[in-house]
$ cat protein_29.cif   # mmCIF, C-alpha atoms and all ligand atoms
data_query
#
loop_
_atom_site.label_atom_id
_atom_site.label_comp_id
_atom_site.auth_asym_id
_atom_site.auth_seq_id
_atom_site.Cartn_x
_atom_site.Cartn_y
_atom_site.Cartn_z
CA MET F 903 21.72 3.97 11.90
CA ASP F 904 21.12 1.48 9.16
CA ALA F 905 24.46 1.53 7.38
CA SER F 906 25.99 -0.04 10.47
CA ALA F 907 23.44 -2.88 10.57
CA GLY F 908 26.19 -5.27 9.59
CA ALA F 909 27.31 -7.39 6.71
CA THR F 910 25.43 -10.62 6.07
CA SER F 911 26.60 -13.81 4.41
CA VAL F 912 23.72 -13.94 1.98
CA GLU F 913 25.12 -12.22 -1.08
CA SER F 914 24.73 -13.32 -4.65
CA PRO F 915 27.82 -13.68 -6.83
CA PHE F 916 25.95 -11.54 -9.39
CA VAL F 917 25.24 -8.55 -7.11
CA THR F 918 27.95 -5.89 -7.31
CA GLY F 919 26.61 -3.44 -4.73
CA LEU F 920 23.89 -0.97 -3.80
CA ARG F 921 23.48 2.63 -4.92
CA CYS F 922 21.60 5.37 -3.11
CA LEU F 923 19.07 6.97 -5.45
CA ARG F 924 19.22 10.24 -3.45
CA CYS F 925 22.92 10.96 -2.97
CA GLY F 926 24.56 8.46 -5.32
CA ALA F 927 26.65 6.79 -2.60
CA THR F 928 27.48 3.17 -3.35
CA TYR F 929 27.86 0.32 -0.90
CA ALA F 930 29.44 -3.12 -1.17
CA PRO F 931 27.00 -6.04 -1.31
CA GLY F 932 25.55 -6.61 2.15
CA ALA F 933 27.20 -3.53 3.66
CA VAL F 934 23.82 -1.99 4.40
CA ASP F 935 20.48 -3.67 5.02
CA TYR F 936 17.95 -0.90 4.40
CA VAL F 937 18.41 2.76 3.43
CA CYS F 938 21.35 5.10 2.96
CA ASN F 939 22.35 7.30 5.88
CA CYS F 940 22.00 10.47 3.81
CA ARG F 941 18.36 11.02 4.84
CA PRO F 942 16.35 10.87 8.04
CA ASN F 943 14.45 7.66 8.55
CA ARG F 944 10.86 8.85 8.23
CA GLY F 945 8.28 9.69 5.61
CA SER F 946 8.84 9.56 1.85
CA ASP F 947 12.26 11.17 1.83
CA LEU F 948 14.37 8.04 2.31
CA GLY F 949 17.85 7.26 1.01
CA THR F 950 16.36 4.51 -1.14
CA LEU F 951 18.87 1.96 -2.42
CA ASP F 952 18.96 0.21 -5.78
CA VAL F 953 20.59 -3.23 -6.06
CA LEU F 954 23.27 -3.41 -8.77
CA TYR F 955 24.11 -6.49 -10.86
CA ASP F 956 26.89 -7.76 -13.10
CA TYR F 957 24.82 -8.19 -16.25
CA ALA F 958 27.69 -9.59 -18.30
CA ALA F 959 28.12 -12.41 -15.78
CA ILE F 960 24.37 -12.99 -15.67
CA ALA F 961 24.19 -13.23 -19.46
CA ARG F 962 26.82 -15.97 -19.31
CA ALA F 963 24.81 -17.87 -16.68
CA VAL F 964 21.27 -17.67 -18.09
CA THR F 965 19.36 -16.96 -21.29
CA PRO F 966 15.66 -16.59 -22.07
CA ALA F 967 15.81 -20.15 -23.38
CA VAL F 968 17.07 -21.42 -20.04
CA TRP F 969 14.13 -19.70 -18.29
CA ARG F 970 11.67 -20.98 -20.88
CA ASN F 971 12.84 -24.58 -20.51
CA ASP F 972 13.00 -24.60 -16.72
CA PRO F 973 10.33 -27.00 -15.41
CA ASP F 974 10.05 -24.80 -12.28
CA ARG F 975 7.57 -21.99 -13.06
CA SER F 976 8.27 -20.12 -9.80
CA ILE F 977 10.60 -17.14 -9.36
CA GLY F 978 13.40 -19.55 -8.43
CA ARG F 979 14.24 -19.85 -12.12
CA PHE F 980 15.28 -16.18 -12.12
CA TRP F 981 17.76 -16.50 -9.27
CA PRO F 982 20.88 -15.03 -10.98
CA LEU F 983 18.85 -11.80 -11.06
CA LEU F 984 17.74 -12.13 -7.45
CA PRO F 985 19.72 -10.91 -4.41
CA LEU F 986 20.21 -14.44 -3.07
CA PRO F 987 23.17 -16.80 -2.77
CA GLY F 988 21.24 -19.42 -4.76
CA ARG F 989 17.73 -20.53 -5.65
CA ALA F 990 17.68 -23.12 -2.86
CA SER F 991 17.57 -20.29 -0.31
CA LEU F 992 13.99 -19.42 -1.33
CA PRO F 993 11.27 -20.65 1.05
CA PRO F 994 9.60 -23.95 0.06
CA LEU F 995 6.33 -22.25 -0.96
CA PRO F 996 6.69 -21.41 -4.66
CA VAL F 997 5.80 -17.87 -5.75
CA GLY F 998 5.02 -16.46 -9.20
CA GLY F 999 4.28 -18.33 -12.40
CA THR F 1000 0.87 -16.64 -12.42
CA PRO F 1001 -1.22 -16.66 -15.61
CA LEU F 1002 -1.24 -13.96 -18.29
CA LEU F 1003 -4.84 -14.05 -19.52
CA ALA F 1004 -5.97 -12.99 -22.99
CA ALA F 1005 -9.48 -12.22 -21.67
CA PRO F 1006 -11.28 -12.18 -25.06
CA ARG F 1007 -14.53 -10.80 -23.68
CA LEU F 1008 -12.72 -7.88 -22.04
CA ARG F 1009 -11.03 -7.17 -25.37
CA THR F 1010 -14.37 -7.07 -27.14
CA ALA F 1011 -15.97 -4.91 -24.47
CA THR F 1012 -13.14 -2.36 -24.40
CA GLY F 1013 -12.09 -2.47 -28.05
CA LEU F 1014 -8.50 -3.02 -26.91
CA SER F 1015 -7.46 -5.91 -29.11
CA ASN F 1016 -4.22 -6.83 -27.33
CA LEU F 1017 -5.27 -6.53 -23.72
CA TRP F 1018 -3.83 -8.98 -21.18
CA ILE F 1019 -4.51 -9.52 -17.49
CA LYS F 1020 -1.59 -10.70 -15.35
CA ASP F 1021 -3.43 -12.33 -12.46
CA ASP F 1022 -1.17 -12.10 -9.44
CA GLY F 1023 -4.06 -12.85 -7.14
CA ARG F 1024 -3.09 -16.44 -7.89
CA ASN F 1025 -0.04 -16.49 -5.64
CA PRO F 1026 0.14 -18.64 -2.49
CA SER F 1027 -1.21 -15.95 -0.17
CA ALA F 1028 -3.40 -14.49 -2.96
CA SER F 1029 -1.50 -11.28 -3.67
CA PHE F 1030 1.48 -9.89 -5.58
CA LYS F 1031 3.31 -9.40 -2.25
CA ASP F 1032 4.45 -13.02 -2.18
CA ARG F 1033 7.10 -12.10 -4.77
CA ALA F 1034 8.78 -9.76 -2.29
CA SER F 1035 8.16 -11.66 0.94
CA ALA F 1036 9.89 -14.76 -0.45
CA ILE F 1037 13.06 -12.66 -0.82
CA ALA F 1038 12.73 -11.21 2.69
CA VAL F 1039 12.46 -14.66 4.27
CA ALA F 1040 15.28 -16.04 2.14
CA ARG F 1041 17.66 -13.24 3.10
CA ALA F 1042 16.70 -13.33 6.78
CA GLN F 1043 17.18 -17.08 6.96
CA ALA F 1044 20.48 -17.06 5.10
CA ALA F 1045 21.70 -14.43 7.58
CA GLY F 1046 20.39 -16.35 10.56
CA ARG F 1047 18.01 -13.59 11.72
CA ALA F 1048 15.64 -14.76 14.46
CA ILE F 1049 12.66 -12.55 13.63
CA VAL F 1050 11.37 -10.88 10.50
CA ALA F 1051 8.98 -7.97 10.99
CA THR F 1052 6.96 -5.84 8.64
CA ALA F 1053 4.43 -3.07 8.52
CA SER F 1054 1.70 -3.71 6.03
CA THR F 1055 -1.77 -2.70 4.91
CA GLY F 1056 -2.38 -6.48 5.04
CA ASN F 1057 -1.12 -8.25 1.94
CA ALA F 1058 2.62 -7.81 2.50
CA ALA F 1059 2.09 -9.19 5.98
CA ALA F 1060 -0.01 -12.13 4.80
CA ALA F 1061 2.64 -12.93 2.22
CA LEU F 1062 5.42 -12.70 4.80
CA ALA F 1063 3.43 -14.85 7.23
CA GLY F 1064 2.86 -17.56 4.64
CA GLN F 1065 6.43 -17.64 3.35
CA ALA F 1066 7.72 -17.60 6.93
CA ALA F 1067 5.41 -20.42 7.99
CA ALA F 1068 6.66 -22.65 5.19
CA ALA F 1069 10.28 -21.88 6.07
CA GLY F 1070 9.91 -22.03 9.88
CA GLN F 1071 10.75 -18.35 10.38
CA ALA F 1072 9.28 -16.33 13.28
CA THR F 1073 7.54 -13.06 12.34
CA VAL F 1074 6.09 -9.97 14.02
CA ILE F 1075 3.51 -8.06 12.00
CA PHE F 1076 2.29 -4.47 12.35
CA VAL F 1077 -1.01 -3.72 10.55
CA PRO F 1078 -3.51 -0.90 10.95
CA LYS F 1079 -6.41 -2.26 12.99
CA SER F 1080 -8.71 -1.31 10.08
CA ALA F 1081 -7.17 -3.98 7.77
CA PRO F 1082 -9.87 -6.22 6.18
CA PRO F 1083 -10.68 -9.27 8.36
CA ALA F 1084 -9.62 -11.78 5.69
CA LYS F 1085 -6.10 -10.38 5.71
CA ILE F 1086 -5.88 -10.42 9.51
CA ALA F 1087 -7.24 -13.99 9.50
CA GLN F 1088 -4.41 -15.02 7.17
CA LEU F 1089 -1.83 -13.64 9.61
CA LEU F 1090 -3.35 -15.46 12.55
CA VAL F 1091 -3.77 -18.73 10.66
CA TYR F 1092 -0.15 -18.70 9.47
CA GLY F 1093 0.95 -18.23 13.09
CA SER F 1094 2.47 -14.74 13.07
CA THR F 1095 2.63 -12.51 16.11
CA VAL F 1096 0.13 -9.87 14.99
CA LEU F 1097 0.07 -6.35 16.39
CA ALA F 1098 -2.95 -4.41 15.11
CA VAL F 1099 -1.97 -0.77 15.54
CA ASP F 1100 -4.61 1.73 16.59
CA GLY F 1101 -3.60 4.13 13.84
CA SER F 1102 -2.96 4.36 10.11
CA TYR F 1103 -0.68 2.25 7.92
CA ASP F 1104 1.85 5.07 8.20
CA ASP F 1105 1.74 4.84 12.01
CA ALA F 1106 2.28 1.06 11.76
CA PHE F 1107 5.20 1.67 9.41
CA ASP F 1108 7.03 4.06 11.73
CA LEU F 1109 6.40 1.81 14.74
CA CYS F 1110 7.77 -1.23 12.89
CA THR F 1111 10.89 0.69 11.87
CA GLU F 1112 11.52 1.73 15.48
CA ALA F 1113 10.86 -1.76 16.84
CA CYS F 1114 13.26 -3.37 14.37
CA LEU F 1115 16.04 -0.95 15.33
CA GLU F 1116 15.29 -1.46 19.02
CA PHE F 1117 14.98 -5.27 19.03
CA GLY F 1118 17.31 -6.20 16.15
CA TRP F 1119 14.60 -7.70 13.95
CA TYR F 1120 14.97 -7.98 10.18
CA ASN F 1121 12.67 -5.40 8.59
CA ARG F 1122 10.76 -6.35 5.44
CA SER F 1123 8.85 -3.07 5.20
CA THR F 1124 8.22 -1.89 1.67
CA GLY F 1125 10.39 0.92 0.31
CA TYR F 1126 12.67 0.74 3.34
CA ASN F 1127 14.05 -2.73 2.52
CA PRO F 1128 15.68 -2.35 -0.92
CA TYR F 1129 15.41 -6.05 -1.75
CA MET F 1130 11.61 -6.05 -2.03
CA THR F 1131 11.89 -4.36 -5.44
CA GLU F 1132 14.05 -7.27 -6.55
CA GLY F 1133 11.33 -9.83 -5.80
CA LYS F 1134 8.60 -7.71 -7.34
CA LYS F 1135 10.51 -7.21 -10.59
CA THR F 1136 10.04 -10.90 -11.43
CA VAL F 1137 6.56 -10.09 -12.70
CA SER F 1138 8.15 -8.30 -15.66
CA TYR F 1139 10.28 -11.32 -16.59
CA GLU F 1140 7.14 -13.46 -16.56
CA ILE F 1141 5.15 -10.98 -18.63
CA ALA F 1142 7.90 -10.86 -21.25
CA LEU F 1143 8.26 -14.65 -21.34
CA GLN F 1144 4.51 -15.17 -21.56
CA LEU F 1145 3.92 -12.54 -24.25
CA THR F 1146 6.78 -14.00 -26.27
CA ALA F 1147 5.33 -17.49 -26.01
CA GLN F 1148 1.84 -16.26 -26.96
CA MET F 1149 3.13 -14.35 -29.97
CA GLY F 1150 5.34 -17.19 -31.17
CA VAL F 1151 8.38 -14.94 -31.40
CA ALA F 1152 10.61 -17.37 -29.56
CA ALA F 1153 10.52 -19.74 -32.52
CA HIS F 1154 12.31 -17.11 -34.63
CA ASN F 1155 14.83 -15.83 -32.10
CA PRO F 1156 15.09 -17.87 -28.90
CA GLU F 1157 17.32 -15.26 -27.25
CA ARG F 1158 14.82 -12.41 -27.58
CA LEU F 1159 11.77 -11.50 -25.51
CA VAL F 1160 8.81 -9.24 -26.26
CA ALA F 1161 7.86 -6.35 -23.97
CA PRO F 1162 4.33 -4.94 -23.96
CA ASP F 1163 3.64 -1.37 -25.07
CA ALA F 1164 2.03 -0.39 -21.77
CA VAL F 1165 1.67 -1.80 -18.27
CA PHE F 1166 -0.95 -0.66 -15.75
CA VAL F 1167 -0.47 -1.17 -12.04
CA SER F 1168 -2.06 0.31 -8.93
CA VAL F 1169 0.21 2.29 -6.64
CA GLY F 1170 0.38 2.84 -2.89
CA ASP F 1171 3.94 3.01 -1.57
CA GLY F 1172 5.27 2.58 -5.10
CA CYS F 1173 7.30 -0.57 -4.60
CA ILE F 1174 5.41 -2.68 -7.13
CA ILE F 1175 5.63 -0.09 -9.90
CA GLY F 1176 9.33 0.39 -9.15
CA GLY F 1177 9.75 -3.37 -9.35
CA VAL F 1178 7.95 -3.57 -12.69
CA HIS F 1179 10.34 -0.91 -13.98
CA LYS F 1180 13.41 -2.66 -12.58
CA GLY F 1181 12.41 -5.94 -14.21
CA PHE F 1182 12.16 -4.43 -17.66
CA ARG F 1183 15.34 -2.42 -17.07
CA ASP F 1184 17.15 -5.69 -16.31
CA LEU F 1185 15.86 -7.24 -19.54
CA LEU F 1186 16.94 -4.17 -21.49
CA ALA F 1187 20.40 -4.20 -19.88
CA LEU F 1188 20.76 -7.86 -20.86
CA GLY F 1189 19.75 -6.99 -24.42
CA TRP F 1190 16.80 -9.40 -24.28
CA ILE F 1191 14.13 -6.77 -25.06
CA GLU F 1192 14.44 -3.87 -27.47
CA ARG F 1193 12.54 -1.14 -25.64
CA MET F 1194 10.81 -0.27 -22.40
CA PRO F 1195 7.05 -0.43 -22.04
CA ARG F 1196 5.32 2.76 -20.90
CA ILE F 1197 4.45 2.26 -17.25
CA TYR F 1198 1.20 3.69 -15.85
CA GLY F 1199 0.62 4.05 -12.11
CA VAL F 1200 -2.98 4.24 -10.95
CA GLN F 1201 -4.02 5.87 -7.69
CA SER F 1202 -7.29 6.69 -5.99
CA THR F 1203 -8.38 10.32 -5.70
CA LEU F 1204 -8.48 9.48 -1.97
CA SER F 1205 -4.78 8.45 -1.88
CA PRO F 1206 -3.08 10.55 -4.57
CA ALA F 1207 0.36 11.38 -3.12
CA LEU F 1208 2.41 10.05 -6.06
CA TYR F 1209 -0.02 11.35 -8.68
CA ASN F 1210 0.28 14.81 -7.08
CA ALA F 1211 4.08 14.65 -7.07
CA TRP F 1212 4.14 13.51 -10.70
CA ARG F 1213 1.82 16.36 -11.75
CA ALA F 1214 3.86 18.91 -9.81
CA GLY F 1215 7.19 17.67 -11.12
CA ALA F 1216 8.27 17.09 -7.52
CA GLU F 1217 10.98 14.65 -6.41
CA ILE F 1218 9.40 13.90 -3.03
CA PRO F 1219 5.63 13.63 -2.57
CA GLU F 1220 3.79 15.77 -0.04
CA PRO F 1221 1.97 13.49 2.42
CA VAL F 1222 -1.80 13.24 2.02
CA HIS F 1223 -4.51 11.99 4.36
CA ALA F 1224 -5.38 8.76 2.54
CA THR F 1225 -8.88 7.32 2.98
CA THR F 1226 -9.47 5.15 -0.10
CA ARG F 1227 -11.61 2.02 0.18
CA ALA F 1228 -8.83 0.24 -1.73
CA ASP F 1229 -6.96 -0.41 1.52
CA SER F 1230 -3.85 -1.87 -0.13
CA ILE F 1231 -3.08 1.47 -1.77
CA SER F 1232 -4.16 3.72 1.09
CA VAL F 1233 -0.88 5.45 1.91
CA ASP F 1234 -0.21 8.92 3.32
CA ALA F 1235 3.54 9.14 2.63
CA PRO F 1236 4.69 6.69 -0.07
CA ARG F 1237 7.95 4.99 0.98
CA ASP F 1238 9.21 4.04 -2.45
CA ALA F 1239 8.61 7.40 -4.06
CA VAL F 1240 11.91 7.73 -5.88
CA LYS F 1241 11.55 4.43 -7.71
CA ALA F 1242 7.82 4.97 -8.26
CA LEU F 1243 8.27 8.36 -9.93
CA ALA F 1244 11.22 7.17 -12.01
CA ALA F 1245 9.19 4.23 -13.33
CA VAL F 1246 6.67 6.57 -14.92
CA ARG F 1247 8.96 9.46 -15.88
CA ALA F 1248 11.67 7.34 -17.46
CA THR F 1249 9.28 5.28 -19.57
CA GLY F 1250 6.95 7.96 -20.93
CA GLY F 1251 4.03 6.63 -18.90
CA ALA F 1252 1.78 8.60 -16.59
CA TYR F 1253 0.05 8.59 -13.26
CA VAL F 1254 -3.70 8.16 -13.60
CA LEU F 1255 -6.26 9.07 -10.97
CA VAL F 1256 -9.60 7.26 -10.48
CA GLU F 1257 -12.48 7.74 -8.05
CA ASP F 1258 -13.23 5.07 -5.47
CA ALA F 1259 -16.62 4.50 -7.14
CA ALA F 1260 -14.85 3.66 -10.41
CA ILE F 1261 -12.50 1.32 -8.55
CA LEU F 1262 -15.34 -0.67 -7.02
CA GLN F 1263 -17.26 -0.70 -10.31
CA ALA F 1264 -14.17 -2.06 -12.10
CA ILE F 1265 -14.41 -5.23 -10.00
CA LEU F 1266 -17.45 -6.26 -12.06
CA PRO F 1267 -16.13 -6.32 -15.65
CA LEU F 1268 -12.91 -7.95 -14.52
CA ALA F 1269 -14.98 -10.73 -12.94
CA ARG F 1270 -17.93 -10.95 -15.34
CA LEU F 1271 -15.98 -10.59 -18.59
CA GLY F 1272 -12.57 -11.85 -17.53
CA GLY F 1273 -13.31 -14.36 -14.78
CA VAL F 1274 -10.84 -12.56 -12.51
CA PHE F 1275 -12.02 -11.65 -9.01
CA ALA F 1276 -9.86 -8.73 -7.86
CA GLU F 1277 -9.71 -6.90 -4.56
CA PRO F 1278 -10.28 -3.13 -4.88
CA ALA F 1279 -6.57 -2.32 -5.22
CA GLY F 1280 -6.30 -4.92 -8.00
CA ALA F 1281 -9.32 -3.56 -9.85
CA THR F 1282 -7.78 -0.09 -9.55
CA ALA F 1283 -5.32 -0.94 -12.33
CA TYR F 1284 -8.19 -1.85 -14.66
CA ALA F 1285 -10.12 1.29 -13.70
CA GLY F 1286 -6.98 3.25 -14.56
CA LEU F 1287 -6.73 1.61 -17.95
CA LEU F 1288 -10.33 2.59 -18.74
CA GLN F 1289 -9.53 6.16 -17.70
CA ALA F 1290 -6.35 6.18 -19.79
CA TRP F 1291 -8.27 4.83 -22.81
CA CYS F 1292 -10.76 7.70 -22.43
CA ASP F 1293 -7.88 10.18 -22.13
CA GLY F 1294 -6.20 8.86 -25.29
CA LEU F 1295 -3.11 7.56 -23.49
CA VAL F 1296 -3.35 4.15 -25.19
CA THR F 1297 -4.43 3.02 -28.64
CA ALA F 1298 -6.67 0.13 -29.67
CA ASP F 1299 -4.05 -2.25 -31.03
CA GLU F 1300 -1.29 -1.72 -28.47
CA THR F 1301 -0.14 -4.61 -26.30
CA ILE F 1302 -1.39 -3.65 -22.85
CA VAL F 1303 -0.91 -5.58 -19.61
CA VAL F 1304 -3.05 -4.87 -16.56
CA ILE F 1305 -1.71 -6.41 -13.36
CA ASN F 1306 -4.26 -7.67 -10.86
CA THR F 1307 -2.32 -7.42 -7.62
CA GLY F 1308 -4.72 -9.14 -5.21
CA SER F 1309 -7.59 -11.62 -5.00
CA GLY F 1310 -11.13 -10.44 -4.40
CA LEU F 1311 -11.44 -12.96 -1.58
CA LYS F 1312 -9.27 -10.58 0.44
CA ASP F 1313 -12.12 -8.10 0.82
CA VAL F 1314 -15.55 -9.55 0.07
CA ARG F 1315 -17.37 -6.68 1.76
CA ALA F 1316 -16.05 -4.25 -0.85
CA ALA F 1317 -17.16 -6.59 -3.64
CA MET F 1318 -20.67 -6.91 -2.25
CA GLU F 1319 -21.03 -3.16 -2.14
CA VAL F 1320 -21.22 -3.28 -5.94
CA THR F 1321 -23.09 -6.57 -6.40
CA GLY F 1322 -25.78 -5.92 -3.78
CA GLU F 1323 -26.97 -8.53 -1.33
CA VAL F 1324 -27.95 -12.09 -2.25
CA ARG F 1325 -31.63 -12.99 -2.56
CA VAL F 1326 -32.99 -15.47 0.01
CA ILE F 1327 -35.84 -17.76 -1.01
CA ALA F 1328 -37.97 -20.51 0.56
CA PRO F 1329 -36.83 -24.06 -0.41
CA THR F 1330 -39.68 -24.56 -2.92
CA LEU F 1331 -40.00 -24.55 -6.72
CA ASP F 1332 -42.69 -21.89 -6.44
CA ALA F 1333 -40.19 -19.63 -4.78
CA VAL F 1334 -37.72 -20.29 -7.64
CA ARG F 1335 -40.43 -19.38 -10.19
CA ALA F 1336 -41.33 -16.24 -8.31
CA ALA F 1337 -37.68 -15.24 -8.00
CA LEU F 1338 -37.03 -15.66 -11.72
CA GLN F 1339 -39.95 -13.45 -12.77
C1 LIG G 1 0.60 -3.53 -1.87
C2 LIG G 1 -0.44 -3.57 -2.91
C3 LIG G 1 -0.51 -2.60 -3.92
C4 LIG G 1 0.40 -1.41 -3.99
O1 LIG G 1 1.75 -1.71 -4.00
P1 LIG G 1 2.81 -0.60 -3.59
O2 LIG G 1 4.10 -1.25 -3.71
O3 LIG G 1 2.47 -0.21 -2.17
O4 LIG G 1 2.61 0.54 -4.51
C5 LIG G 1 -1.50 -2.74 -4.87
N1 LIG G 1 -2.38 -3.75 -4.83
C6 LIG G 1 -2.35 -4.68 -3.87
C7 LIG G 1 -3.39 -5.76 -3.87
C8 LIG G 1 -1.37 -4.64 -2.89
O5 LIG G 1 -1.37 -5.57 -1.93
ZN ZN G 2 22.25 8.48 0.11
#
$ encode --input "protein_29.cif" --output "structure tokens"
Amino acid sequence: MDASAGATSVESPFVTGLRCLRCGATYAPGAVDYVCNCRPNRGSDLGTLDVLYDYAAIARAVTPAVWRNDPDRSIGRFWPLLPLPGRASLPPLPVGGTPLLAAPRLRTATGLSNLWIKDDGRNPSASFKDRASAIAVARAQAAGRAIVATASTGNAAAALAGQAAAAGQATVIFVPKSAPPAKIAQLLVYGSTVLAVDGSYDDAFDLCTEACLEFGWYNRSTGYNPYMTEGKKTVSYEIALQLTAQMGVAAHNPERLVAPDAVFVSVGDGCIIGGVHKGFRDLLALGWIERMPRIYGVQSTLSPALYNAWRAGAEIPEPVHATTRADSISVDAPRDAVKALAAVRATGGAYVLVEDAAILQAILPLARLGGVFAEPAGATAYAGLLQAWCDGLVTADETIVVINTGSGLKDVRAAMEVTGEVRVIAPTLDAVRAALQ
């Protein structure tokens, strides 16, 4: 089983160990690669591990001012809080440093006067997943692993493929054959070995887990590999740094950061939302922010496993048969359920459910009022905010951050379902006149 997978030589001096969120067992740094042995290896009920840090040592090594003044805008500047031996171990394809947009026309349209869009579609492979895949490649390379594999709905794989290409790391990718063509094209272009599984994402996930155990590959799969949370949490550091800079607070107290009141993020397996939570928890533990934001997870009515568990007060979600058009959040049995439920429950947030029609419709205001072209799973977070605003979960002057997790170029067919087809005209001025009438 996984606990015997072997120690690696890739540990950070700031990591003190790993703790199982199911049974509480703790492990020395590097003693286990994936999940705790206390649970079987399938479905949502995993012995999910949390990476532990020596915050006192970190506070001696870095400060918000050090981050602010670092000319490198990528996640490398956060390395004392990353599970890496040093920042140089990151692949040479910088990740993060994405913009936090004020989006004035969206503020006017919604009446939410402190709304921000964190556009993580602007990462090297055009999704949030680059934040995690950079860590996977760094750890695999530092440990001398020949092959990194992952199961993915598409974006995690594209991110792994891109990071691996830059670093010269071989990869094997398991995706459901229904993944959007743009995502599969990315995998092929970056040179991965791509296995399109005739089955669901969950089938691809289980097959990847088995193959990694059988062939000794390093497994990046979300929820199963505890280090993916650690890459994803960097978005929270950036949000806090960017809000602080925008509000001019740093001028008064350079060692303090500002957290938003609420963060909205779409949820499939639950790794991103768990990462958002971990990032703010780190900042709180360091004493750099004063309070947690409320964290809101948004799911489709056609992939509601975590919403259902949250409503029912359950620890482990019941699997669903997910069919949402937002492919990146189409998940039967969420793999990072423990962290995903804690993120909402511990912060006074909520899970919010939206219809697929509302998800696709949300692509338009984000693009037409904000200039942000999101894939359906990215627009889901904005659709969830609109729902939460209707339900009275947020107020007009709160500082609210909506994370766009993926670029609209990932799935242009979904976008054109809401825009309609383009008009074709003859190459004449008369045709232009006729078309404009
Ligand atoms: C993976 C992904 C999500 C969901 O992240 P989870 O960690 O599975 O909850 C949301 N949006 C996009 C674009 C993604 O690629
Ligand atoms: Zn355990």
$ residues_near_ligand --input "protein_29.cif" --ligand "ligand ZN 2 (chain G)" --cutoff "8 Å" --atoms "all atoms listed in the file" --output "list in words"
Arg921, Cys922, Leu923, Arg924, Cys925, Gly926, Ala927, Val937, Cys938, Asn939, Cys940, Arg941, Gly949, Thr950 and Leu951 of chain F
$ write_last_selection --input "protein_29.cif" --atoms "C-alpha atoms" --output "JSON list (two decimals), in the frame of the given file"
[["chain", "number", "residue", "atom", "x", "y", "z"],
["F", 921, "ARG", "CA", 23.48, 2.63, -4.92],
["F", 922, "CYS", "CA", 21.60, 5.37, -3.11],
["F", 923, "LEU", "CA", 19.07, 6.97, -5.45],
["F", 924, "ARG", "CA", 19.22, 10.24, -3.45],
["F", 925, "CYS", "CA", 22.92, 10.96, -2.97],
["F", 926, "GLY", "CA", 24.56, 8.46, -5.32],
["F", 927, "ALA", "CA", 26.65, 6.79, -2.60],
["F", 937, "VAL", "CA", 18.41, 2.76, 3.43],
["F", 938, "CYS", "CA", 21.35, 5.10, 2.96],
["F", 939, "ASN", "CA", 22.35, 7.30, 5.88],
["F", 940, "CYS", "CA", 22.00, 10.47, 3.81],
["F", 941, "ARG", "CA", 18.36, 11.02, 4.84],
["F", 949, "GLY", "CA", 17.85, 7.26, 1.01],
["F", 950, "THR", "CA", 16.36, 4.51, -1.14],
["F", 951, "LEU", "CA", 18.87, 1.96, -2.42]]
$ residues_near_ligand --input "protein_29.cif" --ligand "ligand LIG 1 (chain G)" --cutoff "7 Å" --atoms "all atoms listed in the file" --output "list of chain:residue names"
F:Ser1029, F:Phe1030, F:Lys1031, F:Asn1057, F:Ala1058, F:Thr1124, F:Ser1168, F:Val1169, F:Gly1170, F:Asp1171, F:Gly1172, F:Cys1173, F:Ile1174, F:Ile1175, F:Ser1230, F:Ile1231, F:Glu1277, F:Ala1279, F:Gly1280, F:Thr1307, F:Gly1308
$ residues_around --input "protein_29.cif" --residues "F:Ser1205" --least-positions-apart "5" --cutoff "9 Å" --atoms "only C-alpha atoms" --output "PDB file with C-alpha atoms, in the frame of the given file"
ATOM      1  CA  GLY F1170       0.380   2.840  -2.890  1.00  0.00           C
ATOM      2  CA  VAL F1222      -1.800  13.240   2.020  1.00  0.00           C
ATOM      3  CA  HIS F1223      -4.510  11.990   4.360  1.00  0.00           C
ATOM      4  CA  ALA F1224      -5.380   8.760   2.540  1.00  0.00           C
ATOM      5  CA  THR F1225      -8.880   7.320   2.980  1.00  0.00           C
ATOM      6  CA  THR F1226      -9.470   5.150  -0.100  1.00  0.00           C
ATOM      7  CA  ILE F1231      -3.080   1.470  -1.770  1.00  0.00           C
ATOM      8  CA  SER F1232      -4.160   3.720   1.090  1.00  0.00           C
ATOM      9  CA  VAL F1233      -0.880   5.450   1.910  1.00  0.00           C
ATOM     10  CA  ASP F1234      -0.210   8.920   3.320  1.00  0.00           C
TER      11      ASP F1234
END
$ atom_distance --input "protein_29.cif" --atom1 "atom CA of F:Tyr1253" --atom2 "atom CA of F:Leu1287"
10.8 Å
$ residues_around --input "protein_29.cif" --residues "stretch 992-994 of chain F" --least-positions-apart "6" --cutoff "7 Å" --atoms "only C-alpha atoms" --output "PDB file with C-alpha atoms, in the coordinates of the input"
ATOM      1  CA  ALA F1036       9.890 -14.760  -0.450  1.00  0.00           C
ATOM      2  CA  ILE F1037      13.060 -12.660  -0.820  1.00  0.00           C
ATOM      3  CA  VAL F1039      12.460 -14.660   4.270  1.00  0.00           C
ATOM      4  CA  ALA F1040      15.280 -16.040   2.140  1.00  0.00           C
ATOM      5  CA  GLN F1065       6.430 -17.640   3.350  1.00  0.00           C
ATOM      6  CA  ALA F1068       6.660 -22.650   5.190  1.00  0.00           C
ATOM      7  CA  ALA F1069      10.280 -21.880   6.070  1.00  0.00           C
TER       8      ALA F1069
END
$ atom_distance --input "protein_29.cif" --atom1 "atom CA of F:Ala1084" --atom2 "atom CA of F:Ala1316"
11.9 Å
$ residues_around --input "protein_29.cif" --residues "F:Val917" --least-positions-apart "5" --cutoff "8 Å" --atoms "only C-alpha atoms" --output "mmCIF file with C-alpha atoms, in the frame of the given file"
data_model
loop_
_atom_site.group_PDB
_atom_site.id
_atom_site.type_symbol
_atom_site.label_atom_id
_atom_site.label_comp_id
_atom_site.auth_asym_id
_atom_site.auth_seq_id
_atom_site.Cartn_x
_atom_site.Cartn_y
_atom_site.Cartn_z
ATOM 1 C CA PRO F 931 27.000 -6.040 -1.310
ATOM 2 C CA VAL F 953 20.590 -3.230 -6.060
ATOM 3 C CA LEU F 954 23.270 -3.410 -8.770
ATOM 4 C CA TYR F 955 24.110 -6.490 -10.860
ATOM 5 C CA ASP F 956 26.890 -7.760 -13.100
ATOM 6 C CA PRO F 985 19.720 -10.910 -4.410
#
